[in-house]
file my_file_9.txt (compact mmCIF, C-alpha atoms)
# COMPACT_ATOMS: atom_id res chain seq x y z
CA MET A 10 7.21 -29.71 -11.81
CA THR A 11 5.90 -26.77 -9.81
CA VAL A 12 5.29 -27.08 -6.07
CA SER A 13 2.70 -25.69 -3.67
CA VAL A 14 3.16 -25.99 0.09
CA ILE A 15 -0.15 -25.90 1.95
CA ILE A 16 -0.46 -25.15 5.67
CA PRO A 17 -3.89 -25.65 7.26
CA THR A 18 -4.22 -23.88 10.58
CA TYR A 19 -6.77 -23.40 13.35
CA ASN A 20 -5.82 -21.05 16.21
CA GLY A 21 -2.18 -21.60 15.31
CA GLY A 22 -1.01 -17.99 15.30
CA HIS A 23 1.68 -18.72 17.89
CA LYS A 24 3.02 -21.66 15.85
CA LEU A 25 3.20 -20.22 12.35
CA PRO A 26 6.28 -17.96 12.71
CA LYS A 27 8.49 -20.96 13.55
CA LEU A 28 7.10 -23.00 10.68
CA LEU A 29 7.62 -20.17 8.20
CA LYS A 30 11.17 -19.72 9.45
CA ALA A 31 11.81 -23.41 8.76
CA LEU A 32 10.35 -23.03 5.26
CA GLU A 33 12.61 -20.04 4.59
CA HIS A 34 15.59 -22.36 5.10
CA GLN A 35 14.48 -25.00 2.61
CA THR A 36 17.09 -26.04 0.05
CA PHE A 37 14.33 -26.24 -2.57
CA LYS A 38 13.32 -22.74 -3.65
CA GLY A 39 10.50 -21.20 -5.64
CA PHE A 40 7.52 -23.04 -4.19
CA GLU A 41 4.11 -21.44 -3.74
CA LEU A 42 3.08 -21.11 -0.08
CA LEU A 43 -0.58 -21.14 0.96
CA ILE A 44 -1.80 -20.71 4.55
CA VAL A 45 -5.44 -21.71 4.96
CA VAL A 46 -7.04 -20.34 8.14
CA ASP A 47 -9.94 -22.50 9.32
CA GLY A 48 -12.09 -19.95 11.14
CA SER A 49 -9.49 -19.21 13.81
CA THR A 50 -10.60 -17.19 16.83
CA ASP A 51 -7.09 -16.25 17.97
CA SER A 52 -4.73 -13.64 16.51
CA THR A 53 -3.67 -15.74 13.50
CA ILE A 54 -4.64 -13.14 10.89
CA GLU A 55 -2.90 -10.31 12.77
CA VAL A 56 0.21 -12.45 13.22
CA LEU A 57 0.35 -13.17 9.49
CA LYS A 58 -0.21 -9.52 8.57
CA ASN A 59 2.69 -8.43 10.75
CA LEU A 60 5.00 -11.35 10.00
CA GLN A 61 8.36 -10.46 8.51
CA SER A 62 9.21 -13.31 6.14
CA THR A 63 11.43 -13.65 3.10
CA LEU A 64 8.85 -16.04 1.66
CA PRO A 65 5.83 -14.65 -0.15
CA PHE A 66 2.65 -16.40 0.96
CA THR A 67 -1.07 -16.30 0.30
CA VAL A 68 -3.59 -16.38 3.15
CA ILE A 69 -6.96 -18.03 2.55
CA GLU A 70 -9.69 -17.54 5.17
CA GLN A 71 -12.72 -19.77 5.62
CA THR A 72 -15.37 -20.43 8.24
CA ASN A 73 -14.50 -23.30 10.56
CA LYS A 74 -15.15 -26.51 8.61
CA GLY A 75 -12.53 -28.91 9.93
CA ARG A 76 -9.34 -30.59 8.78
CA ALA A 77 -10.65 -32.16 5.59
CA ALA A 78 -12.25 -28.99 4.23
CA VAL A 79 -9.32 -26.73 5.06
CA ARG A 80 -6.89 -28.98 3.19
CA ASN A 81 -9.26 -29.34 0.24
CA ASN A 82 -9.59 -25.57 -0.06
CA GLY A 83 -5.83 -25.23 -0.07
CA ALA A 84 -5.54 -27.82 -2.82
CA LYS A 85 -8.22 -26.10 -4.93
CA ALA A 86 -6.43 -22.75 -4.68
CA ALA A 87 -2.96 -24.18 -5.30
CA LYS A 88 -1.28 -23.62 -8.65
CA GLY A 89 1.51 -26.17 -8.21
CA GLN A 90 1.58 -29.59 -9.82
CA LEU A 91 2.82 -31.10 -6.55
CA LEU A 92 1.02 -30.46 -3.26
CA ILE A 93 2.98 -30.72 0.00
CA PHE A 94 1.00 -30.47 3.23
CA PHE A 95 2.46 -29.50 6.62
CA ASP A 96 0.42 -29.04 9.79
CA ASP A 97 1.02 -25.76 11.60
CA ASP A 98 2.97 -27.41 14.46
CA MET A 99 5.57 -28.99 12.15
CA MET A 100 9.15 -27.86 11.52
CA PRO A 101 10.48 -29.57 8.38
CA LEU A 102 14.21 -30.11 8.09
CA ASP A 103 15.96 -27.99 5.48
CA ASP A 104 15.84 -30.69 2.78
CA CYS A 105 12.27 -31.85 3.43
CA VAL A 106 10.57 -30.06 0.51
CA GLU A 107 13.41 -31.08 -1.80
CA LYS A 108 13.03 -34.75 -0.86
CA HIS A 109 9.27 -34.62 -1.41
CA PHE A 110 9.95 -33.11 -4.85
CA TYR A 111 12.52 -35.70 -5.95
CA HIS A 112 10.35 -38.57 -4.75
CA HIS A 113 7.54 -37.49 -7.07
CA GLN A 114 9.89 -37.07 -9.99
CA GLN A 115 10.61 -40.78 -9.62
CA HIS A 116 7.09 -41.87 -8.56
CA PRO A 117 4.56 -39.43 -10.04
CA VAL A 118 1.43 -41.45 -9.21
CA SER A 119 2.02 -41.86 -5.50
CA ILE A 120 1.52 -40.42 -2.05
CA LEU A 121 4.55 -39.85 0.18
CA THR A 122 4.26 -39.63 3.95
CA GLY A 123 7.34 -38.25 5.65
CA GLY A 124 8.72 -39.00 9.09
CA LEU A 125 7.94 -37.01 12.19
CA GLN A 126 8.83 -37.07 15.86
CA GLU A 127 8.33 -34.83 18.88
CA PRO A 128 11.59 -33.12 19.97
CA ILE A 129 12.75 -33.52 23.56
CA ASP A 130 15.12 -31.61 25.82
CA LYS A 131 15.89 -31.43 29.54
CA ASN A 132 12.63 -29.54 30.21
CA THR A 133 10.34 -31.95 28.35
CA PRO A 134 7.70 -33.56 30.63
CA ASP A 135 8.04 -37.30 31.12
CA PHE A 136 4.85 -38.22 29.30
CA SER A 137 5.88 -36.15 26.28
CA ILE A 138 9.18 -38.05 26.22
CA TYR A 139 7.17 -41.28 26.23
CA LYS A 140 5.08 -40.01 23.28
CA SER A 141 8.25 -39.15 21.37
CA PHE A 142 9.51 -42.67 22.12
CA LEU A 143 6.31 -44.12 20.63
CA SER A 144 6.75 -42.04 17.46
CA LYS A 145 10.33 -43.21 17.02
CA LYS A 146 9.40 -46.83 17.76
CA TRP A 147 6.70 -46.70 15.10
CA THR A 148 9.10 -45.12 12.57
CA ASP A 149 11.83 -47.66 13.32
CA GLN A 150 9.44 -50.52 12.58
CA LEU A 151 8.77 -49.10 9.12
CA GLU A 152 12.37 -48.28 8.17
CA SER A 153 12.95 -51.83 6.94
CA ILE A 154 10.31 -51.47 4.20
CA LYS A 155 12.04 -51.82 0.85
CA ASP A 156 12.10 -48.50 -1.03
CA GLY A 157 9.48 -47.19 1.43
CA LEU A 158 6.62 -48.76 -0.55
CA LEU A 159 3.79 -49.74 1.79
CA LYS A 160 2.05 -53.09 1.41
CA PRO A 161 -1.74 -53.11 0.94
CA GLU A 162 -2.31 -54.49 4.45
CA SER A 163 -0.21 -51.75 6.08
CA ILE A 164 -1.23 -48.57 4.26
CA PHE A 165 -1.53 -45.33 6.19
CA LEU A 166 -1.13 -41.61 5.72
CA THR A 167 -0.14 -38.94 8.21
CA ALA A 168 -1.51 -35.67 6.89
CA ALA A 169 0.89 -33.61 9.04
CA ASN A 170 3.72 -34.21 6.53
CA PHE A 171 2.76 -35.66 3.16
CA SER A 172 2.76 -34.95 -0.56
CA ILE A 173 0.66 -35.87 -3.58
CA SER A 174 0.34 -34.55 -7.12
CA ARG A 175 -2.53 -32.13 -7.60
CA GLN A 176 -3.83 -34.28 -10.44
CA THR A 177 -3.95 -37.40 -8.25
CA PHE A 178 -5.47 -35.52 -5.30
CA LEU A 179 -8.34 -34.19 -7.41
CA ALA A 180 -8.80 -37.51 -9.24
CA ILE A 181 -9.47 -39.40 -5.99
CA GLY A 182 -11.75 -36.66 -4.68
CA GLY A 183 -9.54 -35.10 -2.02
CA PHE A 184 -10.39 -35.48 1.65
CA ASP A 185 -13.90 -36.56 2.65
CA GLU A 186 -15.41 -33.52 4.38
CA GLN A 187 -17.90 -35.68 6.28
CA LEU A 188 -14.97 -36.81 8.44
CA PHE A 189 -13.35 -34.80 11.21
CA ASP A 190 -10.55 -37.17 12.11
CA ALA A 191 -9.75 -40.35 10.17
CA GLU A 192 -9.85 -38.33 6.92
CA ASP A 193 -6.20 -39.11 6.21
CA PHE A 194 -6.67 -42.88 6.57
CA ASP A 195 -9.75 -42.70 4.37
CA LEU A 196 -7.79 -40.85 1.69
CA ALA A 197 -5.04 -43.48 1.84
CA VAL A 198 -7.52 -46.34 1.36
CA ARG A 199 -9.28 -44.66 -1.56
CA ALA A 200 -5.94 -43.86 -3.16
CA ALA A 201 -4.74 -47.45 -2.85
CA LYS A 202 -7.96 -48.76 -4.38
CA ALA A 203 -7.48 -46.33 -7.28
CA GLY A 204 -4.02 -47.74 -7.98
CA VAL A 205 -1.99 -45.00 -6.31
CA TYR A 206 1.19 -46.22 -4.60
CA LEU A 207 1.72 -45.18 -0.98
CA TYR A 208 5.20 -44.62 0.39
CA PHE A 209 6.67 -43.85 3.79
CA LYS A 210 10.17 -42.38 3.97
CA PRO A 211 11.35 -41.44 7.47
CA ASN A 212 14.22 -39.30 6.18
CA VAL A 213 11.72 -36.85 4.64
CA PHE A 214 11.56 -35.50 8.15
CA ALA A 215 9.83 -32.79 10.15
CA TRP A 216 9.86 -32.15 13.89
CA HIS A 217 6.41 -32.24 15.45
CA HIS A 218 6.11 -29.54 18.11
CA ASP A 219 3.12 -31.03 19.85
CA ILE A 220 2.51 -30.29 23.52
CA ILE A 221 0.81 -33.37 24.93
CA ASN A 222 0.10 -34.96 28.29
CA CYS A 223 -1.67 -38.14 29.31
CA SER A 224 -5.14 -36.55 29.42
CA THR A 225 -4.73 -35.01 25.97
CA TYR A 226 -3.43 -38.23 24.49
CA ILE A 227 -6.34 -40.24 25.90
CA ARG A 228 -8.81 -37.74 24.43
CA ARG A 229 -7.13 -38.15 21.04
CA GLN A 230 -7.33 -41.92 21.27
CA ARG A 231 -11.05 -41.66 22.06
CA GLN A 232 -11.58 -39.32 19.13
CA TYR A 233 -9.58 -41.62 16.86
CA THR A 234 -11.67 -44.65 17.88
CA MET A 235 -14.95 -42.75 17.40
CA SER A 236 -13.85 -41.44 14.01
CA HIS A 237 -13.10 -44.96 12.80
CA GLN A 238 -16.53 -46.09 13.99
CA LYS A 239 -18.11 -43.24 12.02
CA LEU A 240 -15.97 -44.15 9.02
CA VAL A 241 -17.35 -47.71 9.08
CA GLU A 242 -20.91 -46.37 9.37
CA LEU A 243 -20.39 -44.15 6.33
CA LYS A 244 -18.40 -46.73 4.36
CA PRO A 245 -19.24 -50.30 5.48
CA TRP A 246 -17.06 -51.75 2.72
CA LEU A 247 -13.98 -50.72 4.70
CA LYS A 248 -14.88 -53.37 7.29
CA LYS A 249 -15.94 -55.95 4.71
CA GLU A 250 -12.65 -55.59 2.85
CA ASP A 251 -10.69 -55.78 6.13
CA PHE A 252 -9.27 -52.24 5.98
CA ILE A 253 -10.77 -51.64 9.44
CA ARG A 254 -11.04 -54.49 11.89
CA PRO A 255 -13.57 -54.51 14.76
CA LEU A 256 -12.25 -53.61 18.19
CA GLN A 257 -11.68 -56.72 20.28
CA LYS A 258 -12.02 -55.82 23.95
CA PRO A 259 -9.95 -57.89 26.40
CA GLU A 260 -11.62 -60.69 28.31
CA GLY A 261 -10.97 -62.60 31.51
CA PHE A 262 -7.84 -61.70 33.45
CA LYS A 263 -6.65 -59.17 30.84
CA ARG A 264 -9.92 -57.28 31.16
CA TRP A 265 -9.45 -56.89 34.90
CA VAL A 266 -5.87 -55.71 34.42
CA PHE A 267 -7.01 -52.91 32.11
CA LEU A 268 -9.89 -52.01 34.44
CA LEU A 269 -7.39 -51.50 37.26
CA PHE A 270 -6.03 -48.54 35.29
CA CYS A 271 -9.44 -46.95 34.65
CA PHE A 272 -9.14 -44.41 37.45
CA ARG A 273 -8.60 -40.67 37.19
CA SER A 274 -5.79 -40.94 39.75
CA TRP A 275 -3.61 -42.81 37.22
CA ILE A 276 -4.16 -40.11 34.61
CA LYS A 277 -3.44 -37.29 37.08
CA ALA A 278 -0.30 -39.04 38.30
CA SER A 279 0.92 -39.33 34.71
CA ASP A 280 0.15 -35.68 33.96
CA LYS A 281 2.07 -34.55 37.05
CA GLY A 282 5.07 -36.79 36.37
CA LEU A 283 4.56 -38.70 39.61
CA LEU A 284 5.50 -42.04 38.02
CA ARG A 285 9.04 -40.98 37.13
CA PHE A 286 10.45 -42.97 40.02
CA LEU A 287 9.59 -46.19 38.18
CA PRO A 288 12.20 -47.77 35.89
CA LYS A 289 11.72 -46.58 32.31
CA LYS A 290 10.61 -49.95 30.93
CA VAL A 291 8.04 -50.42 33.71
CA ARG A 292 6.89 -46.79 33.54
CA TYR A 293 6.31 -46.90 29.79
CA ARG A 294 4.37 -50.14 30.16
CA VAL A 295 2.17 -48.45 32.78
CA TYR A 296 1.61 -45.51 30.40
CA ASP A 297 0.62 -48.01 27.69
CA LEU A 298 -1.95 -49.58 30.00
CA ILE A 299 -3.39 -46.24 31.16
CA VAL A 300 -3.79 -44.91 27.61
CA THR A 301 -5.19 -48.13 26.14
CA ALA A 302 -7.58 -48.72 29.05
CA ASN A 303 -9.00 -45.19 29.13
CA GLY A 304 -8.60 -44.21 25.49
CA VAL A 305 -9.53 -47.40 23.63
CA PHE A 306 -11.14 -50.21 25.63
CA PHE A 307 -13.15 -48.42 28.35
CA PRO A 308 -13.46 -44.71 27.44
CA GLU A 309 -16.74 -44.43 29.33
CA LYS A 310 -15.16 -45.19 32.72
CA VAL A 311 -13.36 -41.88 33.31
CA PRO A 312 -14.91 -38.65 31.91
CA LEU A 313 -12.34 -36.16 30.67

call {"tool": "encode", "arguments": {"input": "my_file_9.txt", "output": "C-alpha cells"}}
result
Amino acid sequence: MTVSVIIPTYNGGHKLPKLLKALEHQTFKGFELLIVVDGSTDSTIEVLKNLQSTLPFTVIEQTNKGRAAVRNNGAKAAKGQLLIFFDDDMMPLDDCVEKHFYHHQQHPVSILTGGLQEPIDKNTPDFSIYKSFLSKKWTDQLESIKDGLLKPESIFLTAANFSISRQTFLAIGGFDEQLFDAEDFDLAVRAAKAGVYLYFKPNVFAWHHDIINCSTYIRRQRQYTMSHQKLVELKPWLKKEDFIRPLQKPEGFKRWVFLLFCFRSWIKASDKGLLRFLPKKVRYRVYDLIVTANGVFFPEKVPL
C-alpha cells in the first residue's frame, strides 16, 4: 500500500519548516509528500523554494478556496493508495505515519483520526494551558473506546490528523466545498452512512502548535456554531436523523449566570492572564463560562 501525506496550508510559511522536519524523522519511509498552498499571501512559496529538506515534496498552488477545496485538490493529485492529512501547525511523532499505515492494513475501509494536544512549557500563557487541558480531557474520555471504533452516536473527525484510503475518499465525494468549517464533521457523517468505520486512536499522535487566547477561541466557537447552522440549512436530514441537535440556550437562573460573563472585561482579563490568582479548578470553570457564554449562547453580546 502506497502512502501520500497531504499538507494544506494558508499563510503557513513560518510553520512548514518544523512540520517537514518532523516528517523527515518518520519511521515509515517512502511516502509521497504534497503541500497544497491555498492562495497564501505570505512568503510560503519562497520558504518552500529555499527549504533544505531530505524529503522530496510537490507544491500545488491554488487560488484561495478554503479548507475543503485545498484538501480535495491534494487528494486528487495524490498517487498513494492511503491519504494522510496533517494541518500545517502539526508536528507528528516519529511513528505517526507508520501507525496510520498499519491501521489501514488491518481496517482498509475506515477513517482514522489521531490524537493531538497543544504542547506547554514554562512560557505558555495560562489560557493556552487551559486549552491544552481541554484537549487532553477530551482525549482521555475517548481512550476507553474498545479498539478505537467510534459508535454511531459519537462519530467525529479532526482533519488536522487523519487518514483514509484514496478509494474511500473519492467514493464518498471528498470534502463538501460549500462548507468552510464543519467540513470534517460532514465528511464523517457521510462516511458513516456509506458504511465506512470511523476510529479514534490517541496514540497516533501529533503535537498541535496552535497559538490561542480567549478572544481567538471565542471567535472559533462562534464560527463553529455558525458552520453547523449552515450545515443544517444545506442538509436538513442531519437534524432529522439526530446527527446535529438544536442549540438549547439556558433559561432562568442559568441564563443570568452566563449573561454575567458576557462582558469584554472578562475576555480581556483572560487574554492578559489576570485570572491566574484563582485556584486552577475555579479558574478553569470561569474560562468555561466565558467561552460558552460569548462563543455559543450569546455571541451577539460582545463584538470581537

call {"tool": "closest_residue", "arguments": {"input": "my_file_9.txt", "among": "A:Lys146, A:Arg285, A:Arg175, A:His237", "to": "Ala191 of chain A", "atoms": "only C-alpha atoms"}}
result
A:His237

call {"tool": "closest_residue", "arguments": {"input": "my_file_9.txt", "among": "A:Thr167, A:Gln257, A:Gln238, A:Asn73", "to": "Tyr208 of chain A", "atoms": "all atoms listed in the file"}}
result
A:Thr167

call {"tool": "residues_around", "arguments": {"input": "my_file_9.txt", "residues": "Ser163 of chain A", "least_positions_apart": "6", "cutoff": "10 Å", "atoms": "only C-alpha atoms", "output": "ChimeraX atom specification"}}
result
/A:151,207,252

call {"tool": "write_last_selection", "arguments": {"input": "my_file_9.txt", "atoms": "C-alpha atoms", "output": "PDB file, keeping the file's coordinate frame"}}
result
ATOM      1  CA  LEU A 151       8.770 -49.100   9.120  1.00  0.00           C
ATOM      2  CA  LEU A 207       1.720 -45.180  -0.980  1.00  0.00           C
ATOM      3  CA  PHE A 252      -9.270 -52.240   5.980  1.00  0.00           C
TER       4      PHE A 252
END

call {"tool": "residues_around", "arguments": {"input": "my_file_9.txt", "residues": "segment 25-41 of chain A", "least_positions_apart": "5", "cutoff": "8 Å", "atoms": "all atoms listed in the file", "output": "ChimeraX atom specification"}}
result
/A:11-14,60,62-66,87-89,97-107

call {"tool": "residues_around", "arguments": {"input": "my_file_9.txt", "residues": "Pro128 of chain A", "least_positions_apart": "2", "cutoff": "9 Å", "atoms": "only C-alpha atoms", "output": "list in words"}}
result
Gln126, Asp130, Thr133, Ile138, Ser141, Trp216, His217, His218 and Asp219 of chain A

call {"tool": "residues_around", "arguments": {"input": "my_file_9.txt", "residues": "Thr67 of chain A", "least_positions_apart": "6", "cutoff": "7 Å", "atoms": "all atoms listed in the file", "output": "ChimeraX atom specification"}}
result
/A:42-44

call {"tool": "write_last_selection", "arguments": {"input": "my_file_9.txt", "atoms": "C-alpha atoms", "output": "PDB file, in the coordinates of the input"}}
result
ATOM      1  CA  LEU A  42       3.080 -21.110  -0.080  1.00  0.00           C
ATOM      2  CA  LEU A  43      -0.580 -21.140   0.960  1.00  0.00           C
ATOM      3  CA  ILE A  44      -1.800 -20.710   4.550  1.00  0.00           C
TER       4      ILE A  44
END

call {"tool": "closest_residue", "arguments": {"input": "my_file_9.txt", "among": "A:Asn212, A:Phe189, A:Glu162, A:Ile276", "to": "Arg254 of chain A", "atoms": "all atoms listed in the file"}}
result
A:Glu162

call {"tool": "atom_distance", "arguments": {"input": "my_file_9.txt", "atom1": "atom CA of Phe267 of chain A", "atom2": "atom CA of Ala302 of chain A"}}
result
5.2 Å

call {"tool": "atom_distance", "arguments": {"input": "my_file_9.txt", "atom1": "atom CA of Lys24 of chain A", "atom2": "atom CA of Ile220 of chain A"}}
result
11.6 Å

call {"tool": "closest_residue", "arguments": {"input": "my_file_9.txt", "among": "A:Val118, A:Ala278, A:Ile15, A:Val56", "to": "Val79 of chain A", "atoms": "all atoms listed in the file"}}
result
A:Ile15

call {"tool": "residues_near_point", "arguments": {"input": "my_file_9.txt", "point": "(-7.5, -47.0, 27.5)", "cutoff": "9 Å", "atoms": "all atoms listed in the file", "output": "list in words"}}
result
Ile227, Gln230, Arg231, Phe267, Leu268, Phe270, Cys271, Asp297, Leu298, Ile299, Val300, Thr301, Ala302, Asn303, Gly304, Val305, Phe306, Phe307 and Pro308 of chain A

call {"tool": "write_last_selection", "arguments": {"input": "my_file_9.txt", "atoms": "C-alpha atoms", "output": "compact mmCIF listing (two decimals), in the coordinates of the input"}}
result
# COMPACT_ATOMS: atom_id res chain seq x y z
CA ILE A 227 -6.34 -40.24 25.90
CA GLN A 230 -7.33 -41.92 21.27
CA ARG A 231 -11.05 -41.66 22.06
CA PHE A 267 -7.01 -52.91 32.11
CA LEU A 268 -9.89 -52.01 34.44
CA PHE A 270 -6.03 -48.54 35.29
CA CYS A 271 -9.44 -46.95 34.65
CA ASP A 297 0.62 -48.01 27.69
CA LEU A 298 -1.95 -49.58 30.00
CA ILE A 299 -3.39 -46.24 31.16
CA VAL A 300 -3.79 -44.91 27.61
CA THR A 301 -5.19 -48.13 26.14
CA ALA A 302 -7.58 -48.72 29.05
CA ASN A 303 -9.00 -45.19 29.13
CA GLY A 304 -8.60 -44.21 25.49
CA VAL A 305 -9.53 -47.40 23.63
CA PHE A 306 -11.14 -50.21 25.63
CA PHE A 307 -13.15 -48.42 28.35
CA PRO A 308 -13.46 -44.71 27.44

call {"tool": "residues_around", "arguments": {"input": "my_file_9.txt", "residues": "Ala168 of chain A", "least_positions_apart": "3", "cutoff": "8 Å", "atoms": "all atoms listed in the file", "output": "list in words"}}
result
Phe94, Phe95, Asp96, Thr122, Phe171 and Asp193 of chain A

call {"tool": "closest_residue", "arguments": {"input": "my_file_9.txt", "among": "A:Val46, A:Ala86, A:Ile173, A:Leu158", "to": "His109 of chain A", "atoms": "only C-alpha atoms"}}
result
A:Ile173

call {"tool": "atom_distance", "arguments": {"input": "my_file_9.txt", "atom1": "atom CA of Trp246 of chain A", "atom2": "atom CA of Tyr233 of chain A"}}
result
18.9 Å

call {"tool": "closest_residue", "arguments": {"input": "my_file_9.txt", "among": "A:Cys223, A:Phe286, A:Arg292, A:Lys145", "to": "Ser274 of chain A", "atoms": "only C-alpha atoms"}}
result
A:Cys223

call {"tool": "residues_near_point", "arguments": {"input": "my_file_9.txt", "point": "(2.1, -43.1, -4.5)", "cutoff": "10 Å", "atoms": "all atoms listed in the file", "output": "JSON, numbers by chain"}}
result
{"A": [112, 113, 116, 117, 118, 119, 120, 121, 122, 158, 159, 172, 173, 174, 177, 197, 200, 201, 204, 205, 206, 207, 208, 209]}

call {"tool": "decode", "arguments": {"input": "my_file_9.txt", "residues": "segment 163-242 of chain A", "atoms": "C-alpha atoms", "output": "PDB file, in the first residue's frame"}}
result
ATOM      1  CA  SER A 163     -20.331   9.671  18.817  1.00  0.00           C
ATOM      2  CA  ILE A 164     -18.715   9.914  15.387  1.00  0.00           C
ATOM      3  CA  PHE A 165     -16.346  12.769  14.647  1.00  0.00           C
ATOM      4  CA  LEU A 166     -13.307  13.565  12.556  1.00  0.00           C
ATOM      5  CA  THR A 167     -10.485  16.001  13.201  1.00  0.00           C
ATOM      6  CA  ALA A 168      -8.992  16.847   9.827  1.00  0.00           C
ATOM      7  CA  ALA A 169      -5.741  18.089  11.393  1.00  0.00           C
ATOM      8  CA  ASN A 170      -4.502  14.486  11.789  1.00  0.00           C
ATOM      9  CA  PHE A 171      -6.437  11.791   9.950  1.00  0.00           C
ATOM     10  CA  SER A 172      -6.140   9.135   7.266  1.00  0.00           C
ATOM     11  CA  ILE A 173      -8.400   7.477   4.714  1.00  0.00           C
ATOM     12  CA  SER A 174      -7.839   5.343   1.628  1.00  0.00           C
ATOM     13  CA  ARG A 175      -7.919   7.295  -1.618  1.00  0.00           C
ATOM     14  CA  GLN A 176     -10.570   4.928  -2.942  1.00  0.00           C
ATOM     15  CA  THR A 177     -12.862   5.561   0.041  1.00  0.00           C
ATOM     16  CA  PHE A 178     -12.249   9.322  -0.032  1.00  0.00           C
ATOM     17  CA  LEU A 179     -13.257   9.587  -3.685  1.00  0.00           C
ATOM     18  CA  ALA A 180     -16.178   7.170  -3.273  1.00  0.00           C
ATOM     19  CA  ILE A 181     -17.831   9.359  -0.621  1.00  0.00           C
ATOM     20  CA  GLY A 182     -17.175  12.534  -2.599  1.00  0.00           C
ATOM     21  CA  GLY A 183     -14.378  14.084  -0.547  1.00  0.00           C
ATOM     22  CA  PHE A 184     -14.990  17.252   1.436  1.00  0.00           C
ATOM     23  CA  ASP A 185     -18.032  19.396   0.644  1.00  0.00           C
ATOM     24  CA  GLU A 186     -16.613  22.626  -0.793  1.00  0.00           C
ATOM     25  CA  GLN A 187     -19.753  24.565   0.136  1.00  0.00           C
ATOM     26  CA  LEU A 188     -18.548  24.380   3.745  1.00  0.00           C
ATOM     27  CA  PHE A 189     -15.800  26.481   5.282  1.00  0.00           C
ATOM     28  CA  ASP A 190     -15.700  24.918   8.718  1.00  0.00           C
ATOM     29  CA  ALA A 191     -17.700  21.833   9.707  1.00  0.00           C
ATOM     30  CA  GLU A 192     -16.446  20.071   6.555  1.00  0.00           C
ATOM     31  CA  ASP A 193     -14.701  17.397   8.615  1.00  0.00           C
ATOM     32  CA  PHE A 194     -17.830  16.535  10.624  1.00  0.00           C
ATOM     33  CA  ASP A 195     -19.848  16.420   7.413  1.00  0.00           C
ATOM     34  CA  LEU A 196     -17.337  14.011   5.867  1.00  0.00           C
ATOM     35  CA  ALA A 197     -17.518  11.792   8.955  1.00  0.00           C
ATOM     36  CA  VAL A 198     -21.324  11.600   8.804  1.00  0.00           C
ATOM     37  CA  ARG A 199     -21.396  10.817   5.087  1.00  0.00           C
ATOM     38  CA  ALA A 200     -18.708   8.179   5.565  1.00  0.00           C
ATOM     39  CA  ALA A 201     -20.615   6.506   8.396  1.00  0.00           C
ATOM     40  CA  LYS A 202     -23.811   6.436   6.330  1.00  0.00           C
ATOM     41  CA  ALA A 203     -21.838   4.815   3.495  1.00  0.00           C
ATOM     42  CA  GLY A 204     -20.699   2.015   5.791  1.00  0.00           C
ATOM     43  CA  VAL A 205     -17.195   3.319   6.485  1.00  0.00           C
ATOM     44  CA  TYR A 206     -15.929   2.618  10.013  1.00  0.00           C
ATOM     45  CA  LEU A 207     -14.566   5.574  11.981  1.00  0.00           C
ATOM     46  CA  TYR A 208     -11.778   5.110  14.502  1.00  0.00           C
ATOM     47  CA  PHE A 209     -10.029   7.323  17.018  1.00  0.00           C
ATOM     48  CA  LYS A 210      -6.620   6.256  18.318  1.00  0.00           C
ATOM     49  CA  PRO A 211      -4.916   8.757  20.638  1.00  0.00           C
ATOM     50  CA  ASN A 212      -1.503   7.089  20.305  1.00  0.00           C
ATOM     51  CA  VAL A 213      -1.396   8.036  16.603  1.00  0.00           C
ATOM     52  CA  PHE A 214      -0.257  11.362  17.942  1.00  0.00           C
ATOM     53  CA  ALA A 215       0.790  14.791  16.709  1.00  0.00           C
ATOM     54  CA  TRP A 216       1.530  17.937  18.692  1.00  0.00           C
ATOM     55  CA  HIS A 217      -0.693  20.855  17.742  1.00  0.00           C
ATOM     56  CA  HIS A 218       1.324  24.090  17.742  1.00  0.00           C
ATOM     57  CA  ASP A 219      -1.645  26.398  17.933  1.00  0.00           C
ATOM     58  CA  ILE A 220      -1.253  29.858  19.445  1.00  0.00           C
ATOM     59  CA  ILE A 221      -4.591  30.682  21.020  1.00  0.00           C
ATOM     60  CA  ASN A 222      -6.042  33.094  23.558  1.00  0.00           C
ATOM     61  CA  CYS A 223      -9.539  33.613  24.909  1.00  0.00           C
ATOM     62  CA  SER A 224     -10.591  36.016  22.138  1.00  0.00           C
ATOM     63  CA  THR A 225      -9.386  33.671  19.408  1.00  0.00           C
ATOM     64  CA  TYR A 226     -11.059  30.671  20.987  1.00  0.00           C
ATOM     65  CA  ILE A 227     -14.385  32.504  21.299  1.00  0.00           C
ATOM     66  CA  ARG A 228     -14.209  33.500  17.621  1.00  0.00           C
ATOM     67  CA  ARG A 229     -13.634  29.855  16.710  1.00  0.00           C
ATOM     68  CA  GLN A 230     -16.596  28.751  18.795  1.00  0.00           C
ATOM     69  CA  ARG A 231     -18.782  31.321  17.024  1.00  0.00           C
ATOM     70  CA  GLN A 232     -17.545  30.147  13.635  1.00  0.00           C
ATOM     71  CA  TYR A 233     -18.120  26.522  14.631  1.00  0.00           C
ATOM     72  CA  THR A 234     -21.711  27.258  15.716  1.00  0.00           C
ATOM     73  CA  MET A 235     -22.449  29.218  12.526  1.00  0.00           C
ATOM     74  CA  SER A 236     -20.955  26.492  10.345  1.00  0.00           C
ATOM     75  CA  HIS A 237     -23.203  23.875  11.934  1.00  0.00           C
ATOM     76  CA  GLN A 238     -26.218  26.112  11.336  1.00  0.00           C
ATOM     77  CA  LYS A 239     -25.223  26.398   7.671  1.00  0.00           C
ATOM     78  CA  LEU A 240     -24.708  22.644   7.535  1.00  0.00           C
ATOM     79  CA  VAL A 241     -28.281  22.077   8.725  1.00  0.00           C
ATOM     80  CA  GLU A 242     -29.583  24.576   6.145  1.00  0.00           C
TER      81      GLU A 242
END
